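Read the structure below first, then the notes.
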Amino acid sequence: MRAILDAHVAEPGLAVVEIAAADDATAFAIQDLLTDRCAAAPADRTTRNPGEPGVRLWFFVDLRERPDA
């Protein structure tokens with residue numbers, strides 16, 4: 001797991017989201033659902049940890065803003 005920096009969660013409404021899923025398609029589908037509802041810096045790739053099942057995807061959201069703002 002990556003380190004979460006103070007800047008990532010410096011104010012209420014900022015969050016780091018980590019998705020653990022069976023495959024890339026599932027991880028990106030969940031990301032799409034969340035980024036449709038709030039401003040986000042979406043990820044463009046997943047990671048795999050040796051010896052662990054599935055994939056992980058990290059991205060940052062700002063619940064204070066709508067994605068079309």
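Following the order of the structure tokens, first chain is A, next is B, and so on, with residues numbered from 1 inside each chain and ligands from 1 in the order they appear.
Using only C-alpha atoms, the protein and nucleic acid residues lying no more than 10 Å from Asp44 of chain A, apart from those fewer than 3 places from it along its own chain, are Phe28, Ala41, Leu57, Trp58 and Phe59 of chain A.
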*asked:* At a cut-off of 12 Å, using only C-alpha atoms, what residues contact Arg64 of chain A? Leave out same-chain residues fewer than 2 positions from it and give the result as a PyMOL selection string.
replied: chain A and resi 11-15+37-40+61-62+66-67+69
*Backbone DSSP call of alpha helix (DSSP H) for chain A, listed as a PyMOL selection string*: chain A and resi 24-35
*asked:* Quick one: residues within 10 Å of Thr47 of chain A, only C-alpha atoms, excluding same-chain residues fewer than 6 positions away - as an NGL selection string?
replied: :A and (20 or 24 or 54-58)
*Gap from atom CA of Asp68 of chain A to atom CA of Thr46 of chain A - Å, one decimal*: 24.8 Å
_Just the number, please: distance in Å from atom CA of Phe60 of chain A to atom CA of Val17 of chain A, one decimal._
6.1 Å
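Closest approach to Ala21 of chain A among A:Ala43, A:Glu52, A:Leu34, A:Leu63: A:Glu52, based on only C-alpha atoms.
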*If you run DSSP over the backbone, which residues in chain A end up strand (DSSP E or B)? Put them as a PyMOL selection string.*
chain A and resi 14-21+39-41+47+55-62
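For the pair atom CA of Asp32 of chain A and atom CA of Arg48 of chain A, the interatomic distance is 19.7 Å.
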